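For reference, the structure discussed in these notes is given below.
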Amino acid sequence: MTVPYLIVVADCKDELRGGHIGDAALEAMFGTIVTNVWKDKNGKTVMKDGRAADGYWGTADARRHRDVSGILILPKPHLWDLRDERWQPILLRNPWAERPLPDDLLPLPGFECKPDHVAPKDGAKLADLLGLPPVWPPAGT
């Protein structure tokens with residue numbers, strides 16, 4: 001196969017609630033946040049956050065599921081909610097994918113993997129990509 005593979009998760013049962021969908025998705029894909037503690041050569045305690053290798057995509061040192069290019073989460077996939085900021089889709093791109101998603105495909109909000117951390121990434125609203133009118137849903141519906 002030579003095309004990207006995108007997994008789409010649509011919450012049709014209204015189970016993804018709250019404002020932490022992005023955090024949960026990051027942990028699911030990249031691993032649980034853990035704090036590593038050690039002593040440096042002078043005996044001083046050093047603490048640094050990192051990620052455990054329990055995420056679906058693993059870590060930079062232990063990459064997994066490289067055949068999956070990305071995951072798109074639709075927290076409330078109802079047509080009437082596509083202008084609501086709270087229910088915007090989240091796109092996570094697998095930084096180690098064998099077949100990455102093209103940058104111009106689905107320029108939605110999400111996260112991008114930097115060398116030392118994962119950072120939020122702005123994007124267009126799905127309603128704009130679909131060409132829905134600025135006032136949505138239409139009055140009287």
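Note on naming: chains are A, B, ... as they come in the structure tokens, residues start from 1 per chain, ligands start from 1 in the order shown.
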At most 12 Å is the cut-off: for each residue in region 24-53 of chain A with any atom that close to an atom of region 70-86 of chain A, write down the nearest atom pair and the distance in Å rounded to one decimal, counting only C-alpha atoms, chain first then increasing number, as a Markdown table.
| residue | atom | partner | partner_atom | distance |
| --- | --- | --- | --- | --- |
| A:Ala24 | CA | A:Ile73 | CA | 10.9 |
| A:Ala25 | CA | A:Ile73 | CA | 8.3 |
| A:Leu26 | CA | A:Ile71 | CA | 10.6 |
| A:Ala28 | CA | A:Ile71 | CA | 10.7 |
| A:Met29 | CA | A:Ile71 | CA | 8.8 |
| A:Phe30 | CA | A:Gly70 | CA | 11.9 |
Item to complete: Identify, on the basis of only C-alpha atoms, every residue whose closest approach to region 102-114 of chain A does not exceed 9 Å; exclude the query and any residue fewer than 3 positions from it along the same chain; express the result as a PyMOL selection string.
Response: chain A and resi 4+22+26+72+88-95+99+117-126+129
Taking the DSSP secondary structure from the backbone, can you list the residues of chain A that are helix (DSSP H, G or I), as a PDB file with C-alpha atoms, in the first residue's frame?
ATOM      1  CA  ILE A  21      -9.839  15.218  24.669  1.00  0.00           C
ATOM      2  CA  GLY A  22      -6.523  16.389  23.231  1.00  0.00           C
ATOM      3  CA  ASP A  23      -4.610  15.379  26.372  1.00  0.00           C
ATOM      4  CA  ALA A  24      -6.208  11.937  26.354  1.00  0.00           C
ATOM      5  CA  ALA A  25      -5.419  11.495  22.658  1.00  0.00           C
ATOM      6  CA  LEU A  26      -1.782  12.479  23.200  1.00  0.00           C
ATOM      7  CA  GLU A  27      -1.401   9.931  25.996  1.00  0.00           C
ATOM      8  CA  ALA A  28      -3.098   7.236  23.929  1.00  0.00           C
ATOM      9  CA  MET A  29      -0.837   7.825  20.919  1.00  0.00           C
ATOM     10  CA  PHE A  30       2.472   8.933  22.479  1.00  0.00           C
ATOM     11  CA  LEU A  79     -23.593  18.417  11.492  1.00  0.00           C
ATOM     12  CA  TRP A  80     -25.137  21.105  13.709  1.00  0.00           C
ATOM     13  CA  ASP A  81     -22.076  21.333  15.988  1.00  0.00           C
ATOM     14  CA  GLU A  85     -15.266  25.639  19.126  1.00  0.00           C
ATOM     15  CA  ARG A  86     -15.669  23.004  21.831  1.00  0.00           C
ATOM     16  CA  TRP A  87     -16.471  20.236  19.350  1.00  0.00           C
ATOM     17  CA  LEU A 126     -14.122  21.585   9.711  1.00  0.00           C
ATOM     18  CA  ALA A 127     -17.162  23.760   8.897  1.00  0.00           C
ATOM     19  CA  ASP A 128     -14.920  26.046   6.815  1.00  0.00           C
ATOM     20  CA  LEU A 129     -13.296  23.114   5.015  1.00  0.00           C
TER      21      LEU A 129
END
- Extract, using only C-alpha atoms, all DNA, RNA and protein residues at most 9 Å from Met47 (chain A), discarding same-chain residues fewer than 2 positions from it, and format them as an MDAnalysis selection string. chainID A and resid 35:39 45 49
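Nearest residue to Ala52 (chain A), choosing from A:Val3, A:Val34, A:Ala10, A:Leu130 and counting only C-alpha atoms: A:Val34.
Listed by chain and then by rising number, the residues of region 18-100 of chain A that DSSP assigns to strand (DSSP E or B) from the backbone are A:Ile33, A:Val34, A:Thr35, A:Asn36, A:Val37, A:Trp38, A:Lys39, A:Thr45, A:Val46, A:Met47, A:Lys48, A:Asp49, A:Gly50, A:Arg51, A:Gly58, A:Arg63, A:Gly70, A:Ile71, A:Leu72, A:Ile73, A:Leu74, A:Ile90, A:Leu91, A:Leu92, A:Arg93.
Going from CA of Ala97 (chain A) over to CA of Ala53 (chain A), you cover 16.6 Å.
Take CA of Ser69 (chain A) and CA of Pro100 (chain A): the distance between them is 5.1 Å.
Rounded to one decimal, CA of Arg64 (chain A) and CA of Val9 (chain A) lie 19.3 Å from each other.
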